[in-house]
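K.L.:
Contents of my_file_1.tsv (TSV, C-alpha atoms) are below:
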```
chain	number	residue	atom	x	y	z
E	17	MET	CA	126.22	-66.29	239.79
E	18	GLY	CA	126.77	-62.61	239.11
E	19	VAL	CA	130.24	-62.78	240.70
E	20	GLY	CA	131.15	-65.71	238.46
E	21	MET	CA	130.11	-63.75	235.38
E	22	GLY	CA	132.24	-60.84	236.46
E	23	ASN	CA	135.26	-63.11	236.68
E	24	PHE	CA	134.41	-64.61	233.31
E	25	GLY	CA	134.27	-61.12	231.79
E	26	GLY	CA	137.70	-60.33	233.24
E	27	VAL	CA	139.12	-63.57	231.89
E	28	ARG	CA	137.60	-62.82	228.50
E	29	ARG	CA	139.14	-59.32	228.43
E	30	CYS	CA	142.49	-60.86	229.36
E	31	LEU	CA	142.15	-63.43	226.56
E	32	ASP	CA	141.15	-60.69	224.10
E	33	LEU	CA	144.20	-58.63	225.07
E	34	SER	CA	146.45	-61.70	224.80
E	35	LEU	CA	145.05	-62.51	221.38
E	36	ALA	CA	145.51	-58.90	220.22
E	37	LEU	CA	149.10	-58.91	221.50
E	38	ALA	CA	149.85	-62.23	219.76
E	39	LEU	CA	148.35	-60.91	216.51
E	40	ALA	CA	150.38	-57.69	216.75
E	41	LEU	CA	153.58	-59.66	217.28
E	42	ALA	CA	152.80	-61.94	214.35
E	43	LEU	CA	152.17	-58.95	212.08
E	44	ALA	CA	155.38	-57.30	213.27
E	45	GLY	CA	157.25	-60.47	212.29
E	46	CYS	CA	155.70	-60.34	208.82
E	47	ALA	CA	156.67	-56.70	208.44
E	48	SER	CA	160.30	-57.55	209.15
E	49	ASP	CA	160.17	-60.03	206.24
E	50	LEU	CA	159.44	-57.09	203.96
E	51	ALA	CA	162.37	-54.97	205.15
E	52	PRO	CA	164.28	-53.34	202.27
E	53	THR	CA	167.64	-54.77	203.29
E	54	THR	CA	168.25	-58.40	202.48
E	55	PRO	CA	171.20	-60.41	203.76
E	56	LYS	CA	174.04	-61.07	201.36
E	57	SER	CA	175.23	-64.54	200.49
E	58	SER	CA	178.93	-64.95	201.18
E	59	ALA	CA	179.25	-67.34	198.24
E	60	ASN	CA	178.39	-64.98	195.42
E	61	ASP	CA	177.34	-61.56	196.67
E	62	ALA	CA	173.75	-62.13	195.58
E	63	ALA	CA	171.01	-60.92	197.87
E	64	ALA	CA	169.67	-63.99	199.65
E	65	GLY	CA	166.05	-64.57	198.67
E	66	ALA	CA	165.93	-61.45	196.52
E	67	GLY	CA	165.06	-63.39	193.38
E	68	ILE	CA	161.61	-64.51	194.41
E	69	HIS	CA	159.91	-62.55	191.63
E	70	VAL	CA	162.47	-62.80	188.82
E	71	PRO	CA	161.49	-64.72	185.69
E	72	PRO	CA	162.78	-68.31	185.82
E	73	GLY	CA	165.47	-68.93	183.23
E	74	SER	CA	166.37	-65.25	182.91
E	75	ASN	CA	169.82	-63.74	183.29
E	76	GLU	CA	168.59	-62.09	186.50
E	77	ASP	CA	167.44	-65.49	187.79
E	78	PHE	CA	170.94	-66.86	187.19
E	79	ILE	CA	172.68	-63.93	188.89
E	80	VAL	CA	170.38	-63.61	191.90
E	81	ASN	CA	169.30	-67.19	192.60
E	82	VAL	CA	172.31	-69.17	191.40
E	83	GLY	CA	175.33	-66.88	191.61
E	84	ARG	CA	177.81	-66.23	188.86
E	85	ARG	CA	181.04	-65.49	190.76
E	86	VAL	CA	183.54	-67.79	192.39
E	87	TYR	CA	186.61	-66.61	194.28
E	88	PHE	CA	190.16	-67.91	194.57
E	89	THR	CA	193.02	-67.65	197.01
E	90	GLU	CA	196.15	-65.72	196.11
E	91	ASN	CA	198.11	-67.12	193.12
E	92	SER	CA	195.76	-70.10	192.86
E	93	ALA	CA	193.27	-71.48	190.37
E	94	ALA	CA	192.08	-74.23	192.74
E	95	LEU	CA	188.36	-74.40	193.42
E	96	ASP	CA	187.42	-74.51	197.10
E	97	ASP	CA	184.23	-76.05	198.50
E	98	THR	CA	182.32	-72.76	198.34
E	99	ALA	CA	183.24	-72.32	194.68
E	100	LYS	CA	182.23	-75.92	193.92
E	101	THR	CA	178.85	-75.40	195.56
E	102	THR	CA	178.23	-72.32	193.42
E	103	LEU	CA	179.39	-74.19	190.30
E	104	ASP	CA	177.15	-77.17	191.13
E	105	ASN	CA	174.22	-74.72	191.27
E	106	GLN	CA	175.33	-73.21	187.96
E	107	ALA	CA	175.58	-76.63	186.31
E	108	ASN	CA	172.09	-77.59	187.48
E	109	TRP	CA	170.64	-74.31	186.20
E	110	LEU	CA	172.53	-74.48	182.89
E	111	SER	CA	171.31	-78.06	182.37
E	112	THR	CA	167.74	-76.81	182.66
E	113	TYR	CA	168.16	-73.68	180.53
E	114	THR	CA	170.11	-74.92	177.53
E	115	ALA	CA	169.58	-71.92	175.23
E	116	TYR	CA	172.51	-70.07	176.78
E	117	ARG	CA	176.14	-70.26	175.83
E	118	ILE	CA	178.56	-69.45	178.63
E	119	LYS	CA	181.58	-67.20	178.75
E	120	VAL	CA	183.75	-67.71	181.83
E	121	GLU	CA	185.84	-64.64	182.57
E	122	GLY	CA	188.95	-65.09	184.73
E	123	PHE	CA	190.49	-62.28	186.79
E	124	ALA	CA	193.50	-61.68	189.01
E	125	ASP	CA	194.41	-59.11	191.65
E	126	GLU	CA	196.85	-56.24	191.27
E	127	LYS	CA	199.89	-58.17	192.44
E	128	GLY	CA	202.15	-59.78	189.85
E	129	THR	CA	203.16	-58.85	186.33
E	130	PRO	CA	200.53	-58.26	183.64
E	131	GLN	CA	201.65	-61.45	181.88
E	132	PHE	CA	201.42	-63.52	185.09
E	133	ASN	CA	197.97	-62.10	185.86
E	134	MET	CA	196.69	-62.89	182.35
E	135	GLN	CA	197.91	-66.47	182.70
E	136	LEU	CA	196.42	-66.82	186.18
E	137	GLY	CA	193.09	-65.37	185.02
E	138	GLN	CA	193.07	-67.90	182.17
E	139	LYS	CA	193.81	-70.78	184.57
E	140	ARG	CA	190.90	-69.67	186.76
E	141	ALA	CA	188.52	-69.40	183.81
E	142	ASP	CA	189.71	-72.80	182.54
E	143	ALA	CA	189.21	-74.37	185.99
E	144	VAL	CA	185.59	-73.17	186.09
E	145	ALA	CA	184.93	-74.29	182.50
E	146	ALA	CA	186.46	-77.72	183.20
E	147	TYR	CA	184.35	-78.14	186.34
E	148	LEU	CA	181.14	-77.23	184.51
E	149	THR	CA	182.06	-79.62	181.68
E	150	ALA	CA	182.68	-82.39	184.21
E	151	LYS	CA	179.18	-81.69	185.57
E	152	GLY	CA	177.64	-82.31	182.15
E	153	ILE	CA	177.66	-78.91	180.45
E	154	PRO	CA	178.82	-79.46	176.85
E	155	ALA	CA	182.23	-77.91	176.15
E	156	ALA	CA	180.80	-76.45	172.92
E	157	ARG	CA	178.65	-74.11	175.07
E	158	LEU	CA	181.66	-72.77	177.00
E	159	LYS	CA	184.33	-70.23	176.28
E	160	ALA	CA	187.01	-69.27	178.82
E	161	LYS	CA	188.75	-65.90	178.64
E	162	SER	CA	191.18	-64.04	180.88
E	163	PHE	CA	191.05	-60.36	181.69
E	164	GLY	CA	193.99	-60.56	184.09
E	165	ASN	CA	193.84	-57.49	186.26
E	166	ALA	CA	192.48	-55.09	183.65
E	167	PRO	CA	191.85	-51.76	185.42
E	168	ASN	CA	188.39	-51.29	183.89
E	169	ARG	CA	187.23	-54.72	185.12
E	170	LYS	CA	188.22	-54.57	188.78
E	171	VAL	CA	185.53	-55.03	191.39
E	172	LYS	CA	187.39	-52.63	193.62
E	173	ALA	CA	190.77	-50.92	193.42
E	174	CYS	CA	192.89	-50.24	196.49
E	175	ASP	CA	196.08	-51.45	198.16
E	176	ASP	CA	194.33	-53.70	200.64
E	177	ILE	CA	193.60	-57.43	200.98
E	178	SER	CA	189.85	-56.74	200.98
E	179	CYS	CA	190.11	-55.31	197.45
E	180	TRP	CA	192.57	-57.88	196.14
E	181	SER	CA	190.43	-60.81	197.30
E	182	GLN	CA	187.38	-59.46	195.45
E	183	ASN	CA	189.38	-59.31	192.22
E	184	ARG	CA	190.58	-62.94	192.44
E	185	ARG	CA	187.55	-64.38	190.72
E	186	ALA	CA	185.92	-66.07	187.78
E	187	VAL	CA	182.56	-64.87	186.52
E	188	THR	CA	180.17	-67.04	184.53
E	189	VAL	CA	178.40	-64.83	181.98
E	190	LEU	CA	175.34	-66.02	180.08
E	191	VAL	CA	175.41	-65.35	176.36
E	192	THR	CA	172.47	-65.72	174.00
E	193	ASP	CA	173.01	-66.64	170.35
E	194	VAL	CA	172.15	-63.05	169.45
E	195	GLU	CA	175.06	-61.78	171.58
E	196	THR	CA	177.75	-64.17	170.28
```
In structure tokens, how does this file's structure come out?

P.N.:
Amino acid sequence: MGVGMGNFGGVRRCLDLSLALALALALAGCASDLAPTTPKSSANDAAAGAGIHVPPGSNEDFIVNVGRRVYFTENSAALDDTAKTTLDNQANWLSTYTAYRIKVEGFADEKGTPQFNMQLGQKRADAVAAYLTAKGIPAARLKAKSFGNAPNRKVKACDDISCWSQNRRAVTVLVTDVET
């Protein structure tokens, strides 16, 4: 009987070690959830999951959890599927939080004449406003404005496709009655 108890003690130590190892691995997995770097969403440059503790209905909630930017291809004001997904999220949020008015700002890249870029920025802003209106947001809440390729409003300035593509955008800005 004593031999059997010895084996039982060894099995118990093995189980205790296995349990401790499993617990350590589980805690390590939790610690990685708290890492300071959060992945970026390709749709709107918001940190994925970063808005867990932002007040619902706040400007920060809109920026982080919904996304306020949509991007366009060169010389186009057509909305792609990624832009439509972001705008669907915006429309749902804006339908819930009706106190905000919306200013849609359209932008263009550095290529083209200033006049062409202003027109293209306006077409992009108008496309976003029209989409949101079609999704039930009252037109009276929306204003579309172009900034073309204004130097002080560029996301990034350089002679490279990576910069130009970031500047081909429309940004939905929340405006309170106090700000209008």

K.L.:
Counting all atoms listed in the file, note down every residue that has an atom within 10 Å of the point (169.0, -75.6, 188.1) (file coordinates), as a list of chain:residue names.

P.N.:
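Residues satisfying the cut-off, written out: E:Pro72, E:Gly73, E:Phe78, E:Asn81, E:Val82, E:Asp104, E:Asn105, E:Gln106, E:Ala107, E:Asn108, E:Trp109, E:Leu110, E:Ser111, E:Thr112, E:Tyr113.
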
K.L.:
Set the distance at 10 Å and use all atoms listed in the file: which residues neighbour Met134 (chain E) once local chain neighbours fewer than 3 positions away are removed? I'd like the list as a list in words.

P.N.:
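Answer for this query is Gly122, Phe123, Ala124, Gly128, Thr129, Pro130, Gln131, Gly137, Gln138, Lys139, Arg140, Lys161, Ser162, Phe163, Gly164, Asn165 and Ala166 of chain E.
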
K.L.:
What is the distance, in Å and to one decimal place, between CA of Tyr87 (chain E) and CA of Val187 (chain E)?

P.N.:
8.9 Å

K.L.:
By how many Å are CA of Phe88 (chain E) and CA of Leu190 (chain E) apart?

P.N.:
20.8 Å

K.L.:
Grab the CA of Arg85 (chain E) to CA of Thr98 (chain E) distance for me, in Å with one decimal place.

P.N.:
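CA of Thr98 (chain E) lies 10.6 Å from CA of Arg85 (chain E).
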
K.L.:
Would you kindly return, as a PDB file with C-alpha atoms, keeping the file's coordinate frame, each protein, DNA or RNA residue with an atom no farther than 7 Å from any atom of Val86 (chain E), considering all atoms listed in the file and excluding same-chain residues fewer than 6 positions away?

P.N.:
```pdb
ATOM      1  CA  ASN E  60     178.390 -64.980 195.420  1.00  0.00           C
ATOM      2  CA  ALA E  99     183.240 -72.320 194.680  1.00  0.00           C
ATOM      3  CA  ARG E 185     187.550 -64.380 190.720  1.00  0.00           C
ATOM      4  CA  ALA E 186     185.920 -66.070 187.780  1.00  0.00           C
ATOM      5  CA  VAL E 187     182.560 -64.870 186.520  1.00  0.00           C
TER       6      VAL E 187
END
```

K.L.:
Between E:Asp142, E:Ile118, E:Asn183, E:Thr192, which has the minimum distance to Arg157 (chain E) (counting only C-alpha atoms)?

P.N.:
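Nearest candidate to Arg157 (chain E) out of E:Asp142, E:Ile118, E:Asn183, E:Thr192: E:Ile118.
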